[in-house]
file run_18.cif (mmCIF, C-alpha atoms and all ligand atoms)
data_upload
#
loop_
_atom_site.label_atom_id
_atom_site.label_comp_id
_atom_site.auth_asym_id
_atom_site.auth_seq_id
_atom_site.Cartn_x
_atom_site.Cartn_y
_atom_site.Cartn_z
CA MET A 1 65.69 94.17 143.31
CA LEU A 2 66.62 90.69 142.15
CA GLY A 3 64.57 87.88 143.65
CA PRO A 4 66.23 84.76 145.04
CA VAL A 5 68.09 82.66 142.48
CA SER A 6 66.43 79.29 141.97
CA PHE A 7 69.15 77.68 139.89
CA ARG A 8 72.58 78.56 138.56
CA ILE A 9 74.25 76.88 135.56
CA LEU A 10 77.81 77.03 134.26
CA GLY A 11 77.89 76.84 130.44
CA ILE A 12 81.06 75.74 128.63
CA GLU A 13 81.63 76.17 124.88
CA THR A 14 84.66 74.92 122.92
CA SER A 15 83.16 73.61 119.67
CA CYS A 16 85.15 75.86 117.31
CA ASP A 17 87.62 78.68 117.90
CA GLU A 18 86.23 80.32 121.03
CA THR A 19 87.04 79.04 124.50
CA ALA A 20 84.06 80.28 126.48
CA ALA A 21 82.39 79.88 129.85
CA ALA A 22 79.49 81.70 131.50
CA VAL A 23 77.34 81.56 134.60
CA VAL A 24 73.61 82.07 134.04
CA ASP A 25 70.93 82.21 136.74
CA ASP A 26 67.38 80.97 136.17
CA GLY A 27 68.00 80.51 132.46
CA HIS A 28 68.41 84.17 131.54
CA HIS A 29 70.29 86.29 134.11
CA VAL A 30 73.80 86.33 132.61
CA ARG A 31 76.10 86.73 135.64
CA SER A 32 79.32 86.32 133.66
CA ASN A 33 80.25 85.60 130.06
CA VAL A 34 83.95 85.09 129.33
CA VAL A 35 85.16 84.41 125.79
CA HIS A 36 88.68 83.86 124.54
CA SER A 37 88.81 84.12 120.75
CA GLN A 38 91.51 82.26 118.82
CA ILE A 39 91.13 84.48 115.74
CA ALA A 40 94.75 85.67 115.93
CA LEU A 41 95.99 82.06 116.00
CA HIS A 42 94.10 81.04 112.85
CA ALA A 43 94.22 84.28 110.83
CA ARG A 44 97.26 83.27 108.76
CA TRP A 45 95.37 80.19 107.52
CA ARG A 46 92.11 82.14 106.94
CA GLY A 47 90.18 79.40 108.70
CA VAL A 48 90.15 77.34 111.87
CA VAL A 49 92.85 74.64 112.03
CA PRO A 50 91.32 71.89 114.20
CA GLU A 51 94.50 70.70 115.88
CA VAL A 52 95.67 74.23 116.66
CA ALA A 53 92.20 75.04 118.02
CA SER A 54 91.95 72.05 120.35
CA ARG A 55 95.46 72.65 121.75
CA SER A 56 94.57 76.25 122.50
CA HIS A 57 91.31 75.16 124.19
CA THR A 58 93.34 72.81 126.39
CA GLU A 59 95.54 75.70 127.54
CA ARG A 60 92.67 78.12 128.10
CA ILE A 61 89.75 76.14 129.40
CA LEU A 62 90.59 76.17 133.12
CA PRO A 63 91.51 79.88 133.36
CA ILE A 64 88.37 80.77 131.39
CA VAL A 65 86.12 78.70 133.68
CA GLU A 66 87.84 80.19 136.75
CA GLN A 67 87.31 83.68 135.33
CA ALA A 68 83.63 83.02 134.62
CA LEU A 69 83.13 81.80 138.21
CA ALA A 70 85.10 84.76 139.65
CA ASP A 71 83.15 87.30 137.55
CA ALA A 72 79.89 85.77 138.77
CA GLY A 73 81.18 85.80 142.37
CA CYS A 74 80.59 82.10 142.89
CA THR A 75 82.45 78.84 143.44
CA PRO A 76 81.85 75.48 141.72
CA ALA A 77 79.98 74.35 144.81
CA GLY A 78 77.48 77.16 144.19
CA LEU A 79 76.48 75.73 140.81
CA ASP A 80 73.39 73.59 140.26
CA ALA A 81 74.51 72.06 136.95
CA ILE A 82 77.36 72.04 134.45
CA ALA A 83 76.34 72.44 130.80
CA VAL A 84 78.59 71.89 127.83
CA THR A 85 78.40 71.91 124.03
CA HIS A 86 78.74 68.28 122.97
CA ARG A 87 77.65 68.73 119.34
CA PRO A 88 78.18 69.79 116.57
CA GLY A 89 81.76 70.94 116.07
CA MET A 90 85.33 69.83 115.64
CA ILE A 91 85.69 66.66 117.57
CA GLY A 92 89.01 67.47 119.25
CA CYS A 93 87.65 70.88 120.29
CA LEU A 94 84.40 69.46 121.70
CA LEU A 95 86.35 66.88 123.71
CA VAL A 96 88.27 69.56 125.61
CA GLY A 97 85.10 71.28 126.87
CA LEU A 98 83.45 67.95 127.54
CA ALA A 99 86.39 66.70 129.62
CA ALA A 100 86.40 69.89 131.70
CA ALA A 101 82.63 69.76 132.23
CA LYS A 102 82.67 66.10 133.21
CA ALA A 103 85.53 66.65 135.67
CA LEU A 104 83.64 69.51 137.34
CA ALA A 105 80.36 67.55 137.40
CA TRP A 106 82.07 64.52 138.96
CA ARG A 107 84.20 66.44 141.46
CA PHE A 108 81.34 68.63 142.71
CA ASP A 109 78.62 66.03 142.26
CA ARG A 110 76.50 68.21 139.99
CA PRO A 111 74.40 67.09 137.01
CA LEU A 112 75.91 67.30 133.53
CA ILE A 113 73.85 68.70 130.62
CA GLY A 114 74.85 68.19 126.98
CA VAL A 115 73.83 71.02 124.64
CA ASP A 116 73.57 71.27 120.84
CA HIS A 117 75.52 74.35 119.75
CA VAL A 118 73.17 75.32 116.90
CA GLN A 119 70.11 75.00 119.12
CA ALA A 120 71.87 77.22 121.65
CA HIS A 121 72.20 79.92 118.95
CA VAL A 122 68.46 79.44 118.27
CA HIS A 123 67.81 79.93 122.00
CA THR A 124 69.76 83.23 122.19
CA GLY A 125 66.54 85.19 121.69
CA PHE A 126 65.30 84.00 125.11
CA LEU A 127 68.47 85.32 126.77
CA ALA A 128 67.85 88.74 125.24
CA ASP A 129 64.10 88.69 125.84
CA PRO A 130 62.84 85.96 128.20
CA ALA A 131 59.27 87.01 127.38
CA MET A 132 59.76 86.68 123.61
CA PRO A 133 56.28 86.00 122.20
CA LEU A 134 55.80 82.65 120.47
CA PRO A 135 55.83 81.22 117.92
CA ALA A 136 58.97 82.97 116.73
CA LEU A 137 61.27 82.74 113.76
CA ALA A 138 64.96 82.28 114.52
CA LEU A 139 67.74 82.87 112.03
CA VAL A 140 71.08 81.27 112.88
CA ALA A 141 73.82 82.60 110.61
CA SER A 142 77.41 81.83 111.43
CA GLY A 143 80.61 80.58 109.85
CA GLY A 144 79.48 76.96 109.94
CA HIS A 145 75.66 77.17 109.83
CA THR A 146 72.88 79.14 108.22
CA ALA A 147 69.36 77.97 108.95
CA LEU A 148 65.85 79.18 109.76
CA TYR A 149 63.83 77.75 112.65
CA LEU A 150 60.26 77.98 113.85
CA VAL A 151 60.48 78.20 117.64
CA THR A 152 57.34 77.04 119.46
CA ALA A 153 58.69 76.89 123.03
CA PRO A 154 62.05 77.32 124.76
CA GLY A 155 64.14 74.35 123.59
CA ARG A 156 61.59 73.32 120.97
CA SER A 157 62.05 74.25 117.33
CA GLU A 158 61.53 72.98 113.83
CA ARG A 159 64.04 73.65 111.09
CA LEU A 160 62.38 75.37 108.12
CA GLY A 161 65.39 75.67 105.85
CA THR A 162 69.15 75.45 105.78
CA THR A 163 72.03 76.20 103.46
CA ARG A 164 72.68 73.84 100.61
CA ASP A 165 76.31 74.90 100.28
CA ASP A 166 78.17 77.70 102.08
CA ALA A 167 77.04 79.28 105.34
CA ALA A 168 76.50 83.06 105.23
CA GLY A 169 79.59 83.68 107.38
CA GLU A 170 81.61 81.32 105.23
CA ALA A 171 80.56 83.29 102.13
CA LEU A 172 81.67 86.52 103.82
CA ASP A 173 84.98 84.91 104.89
CA LYS A 174 85.64 83.65 101.34
CA GLY A 175 84.54 86.95 99.76
CA ALA A 176 86.90 88.85 102.06
CA ALA A 177 89.76 86.60 100.96
CA LEU A 178 89.01 87.45 97.31
CA LEU A 179 88.98 91.16 98.17
CA GLY A 180 92.26 90.92 100.09
CA LEU A 181 90.55 91.74 103.40
CA SER A 182 91.52 90.17 106.71
CA TYR A 183 90.01 87.10 108.38
CA PRO A 184 87.35 86.75 109.68
CA GLY A 185 85.64 88.23 106.66
CA GLY A 186 82.32 89.35 108.17
CA PRO A 187 83.71 92.19 110.29
CA SER A 188 86.32 93.23 107.70
CA ILE A 189 83.73 93.38 104.89
CA GLU A 190 81.41 95.35 107.18
CA ALA A 191 84.20 97.84 107.91
CA ALA A 192 85.29 98.11 104.25
CA ALA A 193 81.66 98.59 103.19
CA ALA A 194 81.13 101.61 105.45
CA ASN A 195 81.55 104.20 102.67
CA GLY A 196 80.58 101.95 99.79
CA ASN A 197 77.55 101.93 97.51
CA PRO A 198 75.61 98.67 98.02
CA ARG A 199 74.16 98.96 94.50
CA ALA A 200 77.45 99.65 92.69
CA PHE A 201 77.87 96.03 91.57
CA ASP A 202 75.07 93.77 90.47
CA LEU A 203 75.66 90.49 92.32
CA PRO A 204 73.15 87.60 92.28
CA ARG A 205 70.65 86.74 95.05
CA THR A 206 70.10 83.00 94.89
CA LEU A 207 66.58 82.28 96.14
CA LEU A 208 66.20 78.64 94.98
CA GLY A 209 62.68 79.00 93.59
CA ALA A 210 59.57 80.74 94.86
CA ASP A 211 58.86 78.42 97.82
CA SER A 212 62.23 77.45 99.17
CA LEU A 213 63.36 78.49 102.64
CA ASP A 214 66.80 77.00 101.98
CA PHE A 215 69.86 79.13 101.33
CA SER A 216 72.70 79.03 98.80
CA PHE A 217 75.69 81.36 98.94
CA SER A 218 78.14 79.71 96.57
CA GLY A 219 76.86 81.65 93.51
CA VAL A 220 77.42 85.11 94.95
CA LYS A 221 80.99 84.15 95.88
CA THR A 222 81.69 82.95 92.30
CA ALA A 223 80.06 86.11 90.91
CA LEU A 224 82.42 88.20 93.02
CA LEU A 225 85.38 86.20 91.73
CA TYR A 226 84.37 86.85 88.10
CA THR A 227 83.68 90.52 88.84
CA LEU A 228 87.28 90.79 90.03
CA ARG A 229 88.75 88.57 87.30
CA PRO A 230 86.38 88.49 84.29
CA GLN A 231 86.67 85.24 82.34
CA GLY A 232 88.99 85.56 79.36
CA ALA A 233 90.44 88.87 80.59
CA PRO A 234 94.04 89.15 81.80
CA ALA A 235 94.51 88.74 85.57
CA PRO A 236 94.14 92.10 87.37
CA ALA A 237 97.40 93.79 88.40
CA GLY A 238 96.45 94.02 92.07
CA LEU A 239 93.71 93.87 94.66
CA PRO A 240 90.87 96.42 94.59
CA GLU A 241 91.49 99.59 96.56
CA GLY A 242 89.82 102.81 97.65
CA GLN A 243 86.23 103.50 96.50
CA ARG A 244 86.16 100.41 94.27
CA LEU A 245 86.99 98.19 97.27
CA ALA A 246 84.34 99.95 99.38
CA ASP A 247 81.72 99.51 96.62
CA LEU A 248 82.61 95.84 96.11
CA ALA A 249 82.46 95.14 99.86
CA ALA A 250 79.14 97.00 100.23
CA SER A 251 77.60 95.24 97.21
CA TYR A 252 78.74 91.83 98.39
CA GLN A 253 77.51 92.39 101.96
CA GLU A 254 74.19 93.65 100.58
CA ALA A 255 73.74 90.54 98.43
CA VAL A 256 74.26 88.25 101.47
CA VAL A 257 72.05 90.39 103.74
CA ASP A 258 69.33 90.65 101.07
CA VAL A 259 69.01 86.86 100.88
CA LEU A 260 68.78 86.54 104.68
CA VAL A 261 66.10 89.26 104.86
CA LEU A 262 64.13 87.89 101.88
CA LYS A 263 64.07 84.39 103.35
CA LEU A 264 62.91 85.74 106.71
CA ARG A 265 60.10 87.63 104.95
CA ARG A 266 59.15 84.51 103.08
CA ALA A 267 59.08 82.44 106.29
CA ALA A 268 57.05 85.12 108.10
CA GLU A 269 54.46 85.06 105.30
CA ARG A 270 54.08 81.32 105.62
CA HIS A 271 54.07 80.97 109.42
CA PRO A 272 51.99 83.13 111.76
CA VAL A 273 54.89 84.17 113.99
CA ARG A 274 54.90 86.91 116.62
CA ALA A 275 58.63 87.46 116.99
CA LEU A 276 61.86 87.23 115.06
CA CYS A 277 65.25 86.61 116.65
CA ILE A 278 68.74 86.21 115.25
CA GLY A 279 71.89 84.45 116.44
CA GLY A 280 75.33 83.38 115.20
CA GLY A 281 78.33 85.53 114.33
CA VAL A 282 76.69 87.07 111.23
CA ALA A 283 73.88 88.37 113.47
CA ARG A 284 76.44 90.91 114.74
CA ASN A 285 76.31 92.61 111.34
CA ARG A 286 74.93 96.16 111.63
CA ARG A 287 73.63 96.29 108.08
CA LEU A 288 71.58 93.13 108.68
CA ARG A 289 70.21 94.55 111.95
CA GLN A 290 69.36 97.84 110.24
CA ARG A 291 67.63 96.11 107.34
CA LEU A 292 65.52 94.00 109.74
CA ALA A 293 64.57 97.05 111.80
CA ASP A 294 63.64 99.01 108.65
CA ASP A 295 61.69 96.24 106.93
CA PRO A 296 57.97 97.14 106.97
CA GLN A 297 56.88 93.49 107.11
CA LEU A 298 59.39 92.26 109.69
CA ARG A 299 59.33 95.20 112.04
CA ALA A 300 55.67 94.45 112.73
CA LEU A 301 56.98 91.41 114.65
CA ARG A 302 58.78 91.68 117.99
CA LEU A 303 62.36 92.00 116.77
CA VAL A 304 64.79 90.39 119.17
CA LEU A 305 68.31 91.45 118.23
CA PRO A 306 70.55 90.12 121.02
CA ASP A 307 73.65 92.01 122.12
CA PRO A 308 76.52 91.13 119.74
CA SER A 309 78.36 89.41 122.62
CA LEU A 310 75.54 86.84 122.73
CA CYS A 311 75.50 86.31 118.95
CA ALA A 312 79.06 85.01 118.46
CA ASP A 313 79.96 81.75 120.19
CA ASN A 314 79.66 82.05 123.97
CA GLY A 315 78.93 80.06 127.12
CA ALA A 316 75.83 82.05 128.11
CA MET A 317 73.77 80.59 125.27
CA ILE A 318 74.87 77.10 126.34
CA ALA A 319 73.81 77.68 129.95
CA GLY A 320 70.64 79.38 128.68
CA LEU A 321 69.43 76.43 126.63
CA ALA A 322 70.57 74.02 129.35
CA SER A 323 68.00 75.63 131.65
CA VAL A 324 65.27 73.85 129.68
CA ALA A 325 66.92 70.45 130.30
CA PHE A 326 67.55 71.40 133.94
CA ARG A 327 63.88 72.15 134.52
CA ASN A 328 62.97 68.80 132.93
CA GLY A 329 65.61 66.86 134.87
CA ASP A 330 67.09 65.82 131.53
CA PHE A 331 70.68 65.12 132.55
CA ALA A 332 73.48 63.41 130.66
CA PRO A 333 75.60 60.50 131.86
CA LEU A 334 79.28 61.09 132.56
CA ASP A 335 80.17 59.10 129.43
CA LEU A 336 78.33 61.62 127.19
CA ASP A 337 79.90 61.57 123.71
CA ALA A 338 81.16 64.42 121.57
CA ILE A 339 79.40 64.34 118.19
CA ALA A 340 80.61 66.23 115.12
CA THR A 341 77.22 66.60 113.39
CA PRO A 342 74.15 68.67 114.29
CA GLN A 343 70.94 67.09 115.52
CA SER A 344 69.07 65.47 112.66
CA GLY A 345 65.98 67.34 111.50
CA GLY A 346 66.88 70.31 113.69
CA LYS A 347 64.61 69.21 116.51
CA ALA A 348 65.69 70.69 119.80
CA LYS A 349 66.27 67.68 122.00
CA GLN A 350 69.03 67.76 124.55
CA ARG A 351 70.27 64.21 124.29
CA PRO A 352 71.62 62.25 121.31
O1 LIG B 1 78.96 82.08 115.48
P1 LIG B 1 80.41 82.32 115.14
O2 LIG B 1 81.23 83.16 116.10
O3 LIG B 1 81.17 80.94 114.95
C1 LIG B 1 80.62 79.87 114.27
O4 LIG B 1 79.91 79.06 114.90
O5 LIG B 1 80.87 79.83 113.04
O6 LIG B 1 80.41 82.96 113.66
C2 LIG B 1 81.61 83.31 112.99
C3 LIG B 1 81.22 83.91 111.66
C4 LIG B 1 82.40 84.19 110.73
O7 LIG B 1 82.11 83.69 109.45
C5 LIG B 1 82.47 85.71 110.71
O8 LIG B 1 82.97 86.24 109.50
C6 LIG B 1 81.03 86.10 110.93
O9 LIG B 1 80.53 85.14 111.86
N1 LIG B 1 80.91 87.44 111.52
C7 LIG B 1 80.28 88.46 110.91
C8 LIG B 1 80.45 89.59 111.74
N2 LIG B 1 81.16 89.21 112.85
C9 LIG B 1 81.42 87.87 112.70
N3 LIG B 1 79.62 88.54 109.74
C10 LIG B 1 79.10 89.72 109.38
N4 LIG B 1 79.25 90.85 110.12
C11 LIG B 1 79.90 90.83 111.29
N5 LIG B 1 80.03 91.97 112.00
ZN ZN B 2 78.34 79.20 116.55
#
call {"tool": "encode", "arguments": {"input": "run_18.cif", "output": "structure tokens", "more": "lines below"}}
Ligand code: KG4
Ligand code: ZN
result
Amino acid sequence: MLGPVSFRILGIETSCDETAAAVVDDGHHVRSNVVHSQIALHARWRGVVPEVASRSHTERILPIVEQALADAGCTPAGLDAIAVTHRPGMIGCLLVGLAAAKALAWRFDRPLIGVDHVQAHVHTGFLADPAMPLPALALVASGGHTALYLVTAPGRSERLGTTRDDAAGEALDKGAALLGLSYPGGPSIEAAAANGNPRAFDLPRTLLGADSLDFSFSGVKTALLYTLRPQGAPAPAGLPEGQRLADLAASYQEAVVDVLVLKLRRAAERHPVRALCIGGGVARNRRLRQRLADDPQLRALRLVLPDPSLCADNGAMIAGLASVAFRNGDFAPLDLDAIATPQSGGKAKQRP
């Protein structure tokens, strides 16, 4: 039986192309988690168009919040705080969620909590496993970010490495475009790779020297381009098909996954961690999850692989991380700003 709820937070997320809201009790009981994806709106451009995204957020935000409250069986008056992503992201998109959160906080006289989106992905492990042993490694791999964190407490982390060019999801999105696969690229490459041989094509793994915990994915994308259109050769007649497409997709996915796994192994060698968690859209990838579970070094740690619905952008991770600020009484003023950039140094503080 569930004990009494001590606090209940509404989390709102509109930083990119998902309009999302969720109600979370006591920092980890996800009572509702409603996400409206704009993928169909942006697919023809193969990327998120900021103006189109913010207009769609404006249309969807109130129904999504209402749905999250209805699914959780509560009213705004039953909330203890309103949390919202206020950084990083597309500024017009952030402003929509922020305006909704401020209006609710003002109207119902509830505290407002500003949350860093990347830190919320880092925190996803605690939603999946509130007793996650610490310190833990967290990999955040999405369309906009790819970074490794050392998590020492809920809401407290140190960034160990980040991408120097493309994010892992961005590399998959761009690779899919080269292969003629649909946007977003991560899921379409995963599907196309199902019957492919991951060793059919020899694509590079950029490790940036023996010590680096940074990432670089621009080289593998260029290598795929030249595999498809060798320099000096005539342009190919058409896009790859059949087994060749499957082998290319599998080899490309494997090259991206290999780098993520190798960097996690490297970080685990250097830091005495007890757990490993993953977040961000790329963390939905089944090959990555399989590789982590099969890895003799990494599976010795507590592997926290959150449900895919918690990996892509969502409101539950926002409410989850906000629980740390709530417990500390760290509330934001009603003139809280939207900020396009992530927190400097990757430290998990709640306020700018
Ligand atoms: O976290 P997210 O939903 O939004 C950002 O904050 O970027 O991540 C979106 C990214 C896209 O690049 C997409 O291709 C990738 O996550 N992605 C995947 C999978 N599902 C989404 N990558 C690999 N495998 C998947 N199954
Ligand atoms: Zn994200």
call {"tool": "closest_residue", "arguments": {"input": "run_18.cif", "among": "A:Arg31, A:Arg205, A:His36, A:Arg46", "to": "Gly180 of chain A", "atoms": "all atoms listed in the file"}}
result
A:Arg46
call {"tool": "residues_around", "arguments": {"input": "run_18.cif", "residues": "Gly144 of chain A", "least_positions_apart": "2", "cutoff": "12 Å", "atoms": "only C-alpha atoms", "output": "JSON, numbers by chain"}}
result
{"A": [15, 16, 17, 47, 48, 88, 89, 90, 117, 118, 121, 140, 141, 142, 146, 147, 162, 163, 164, 165, 166, 167, 168, 169, 170, 171, 172, 173, 280, 281, 282, 312, 313, 340, 341, 342]}
call {"tool": "closest_residue", "arguments": {"input": "run_18.cif", "among": "A:Leu334, A:Leu248, A:Ala40, A:Met317", "to": "ligand ZN 2 (chain B)", "atoms": "all atoms listed in the file"}}
result
A:Met317
call {"tool": "closest_residue", "arguments": {"input": "run_18.cif", "among": "A:Arg274, A:His42, A:Arg284, A:Arg244", "to": "ligand LIG 1 (chain B)", "atoms": "all atoms listed in the file"}}
result
A:Arg284
call {"tool": "closest_residue", "arguments": {"input": "run_18.cif", "among": "A:Ala70, A:Val96, A:Ala319, A:Leu336", "to": "His29 of chain A", "atoms": "all atoms listed in the file"}}
result
A:Ala319
call {"tool": "atom_distance", "arguments": {"input": "run_18.cif", "atom1": "atom CA of Thr206 of chain A", "atom2": "atom CA of Pro234 of chain A"}}
result
28.0 Å
call {"tool": "closest_residue", "arguments": {"input": "run_18.cif", "among": "A:Asn285, A:Ser218, A:Thr19, A:Asn314", "to": "ligand ZN 2 (chain B)", "atoms": "only C-alpha atoms and all ligand atoms"}}
result
A:Asn314
call {"tool": "build_atoms", "arguments": {"input": "run_18.cif", "residues": "segment 286-301 of chain A", "atoms": "N, CA and C atoms", "output": "PDB file, in the frame of the given file"}}
result
ATOM      1  N   ARG A 286      75.811  95.001 111.426  1.00  0.00           N
ATOM      2  CA  ARG A 286      74.930  96.160 111.630  1.00  0.00           C
ATOM      3  C   ARG A 286      74.010  96.405 110.450  1.00  0.00           C
ATOM      4  N   ARG A 287      74.488  96.097 109.251  1.00  0.00           N
ATOM      5  CA  ARG A 287      73.630  96.290 108.080  1.00  0.00           C
ATOM      6  C   ARG A 287      72.425  95.343 108.144  1.00  0.00           C
ATOM      7  N   LEU A 288      72.677  94.094 108.536  1.00  0.00           N
ATOM      8  CA  LEU A 288      71.580  93.130 108.680  1.00  0.00           C
ATOM      9  C   LEU A 288      70.583  93.625 109.738  1.00  0.00           C
ATOM     10  N   ARG A 289      71.094  94.075 110.878  1.00  0.00           N
ATOM     11  CA  ARG A 289      70.210  94.550 111.950  1.00  0.00           C
ATOM     12  C   ARG A 289      69.379  95.745 111.482  1.00  0.00           C
ATOM     13  N   GLN A 290      70.054  96.657 110.754  1.00  0.00           N
ATOM     14  CA  GLN A 290      69.360  97.840 110.240  1.00  0.00           C
ATOM     15  C   GLN A 290      68.264  97.446 109.271  1.00  0.00           C
ATOM     16  N   ARG A 291      68.592  96.541 108.357  1.00  0.00           N
ATOM     17  CA  ARG A 291      67.630  96.110 107.340  1.00  0.00           C
ATOM     18  C   ARG A 291      66.413  95.452 107.996  1.00  0.00           C
ATOM     19  N   LEU A 292      66.646  94.646 109.048  1.00  0.00           N
ATOM     20  CA  LEU A 292      65.520  94.000 109.740  1.00  0.00           C
ATOM     21  C   LEU A 292      64.655  95.047 110.419  1.00  0.00           C
ATOM     22  N   ALA A 293      65.318  96.010 111.074  1.00  0.00           N
ATOM     23  CA  ALA A 293      64.570  97.050 111.800  1.00  0.00           C
ATOM     24  C   ALA A 293      63.781  97.938 110.839  1.00  0.00           C
ATOM     25  N   ASP A 294      64.292  98.124 109.613  1.00  0.00           N
ATOM     26  CA  ASP A 294      63.640  99.010 108.650  1.00  0.00           C
ATOM     27  C   ASP A 294      62.578  98.305 107.807  1.00  0.00           C
ATOM     28  N   ASP A 295      62.578  96.984 107.836  1.00  0.00           N
ATOM     29  CA  ASP A 295      61.690  96.240 106.930  1.00  0.00           C
ATOM     30  C   ASP A 295      60.234  96.362 107.397  1.00  0.00           C
ATOM     31  N   PRO A 296      59.350  96.901 106.524  1.00  0.00           N
ATOM     32  CA  PRO A 296      57.970  97.140 106.970  1.00  0.00           C
ATOM     33  C   PRO A 296      57.255  95.865 107.397  1.00  0.00           C
ATOM     34  N   GLN A 297      57.556  94.748 106.749  1.00  0.00           N
ATOM     35  CA  GLN A 297      56.880  93.490 107.110  1.00  0.00           C
ATOM     36  C   GLN A 297      57.450  92.918 108.414  1.00  0.00           C
ATOM     37  N   LEU A 298      58.770  92.920 108.541  1.00  0.00           N
ATOM     38  CA  LEU A 298      59.390  92.260 109.690  1.00  0.00           C
ATOM     39  C   LEU A 298      59.313  93.088 110.956  1.00  0.00           C
ATOM     40  N   ARG A 299      59.343  94.413 110.813  1.00  0.00           N
ATOM     41  CA  ARG A 299      59.330  95.200 112.040  1.00  0.00           C
ATOM     42  C   ARG A 299      57.961  95.192 112.725  1.00  0.00           C
ATOM     43  N   ALA A 300      56.969  94.627 112.065  1.00  0.00           N
ATOM     44  CA  ALA A 300      55.670  94.450 112.730  1.00  0.00           C
ATOM     45  C   ALA A 300      55.755  93.326 113.772  1.00  0.00           C
ATOM     46  N   LEU A 301      56.771  92.472 113.653  1.00  0.00           N
ATOM     47  CA  LEU A 301      56.980  91.410 114.650  1.00  0.00           C
ATOM     48  C   LEU A 301      57.816  91.974 115.784  1.00  0.00           C
TER      49      LEU A 301
END
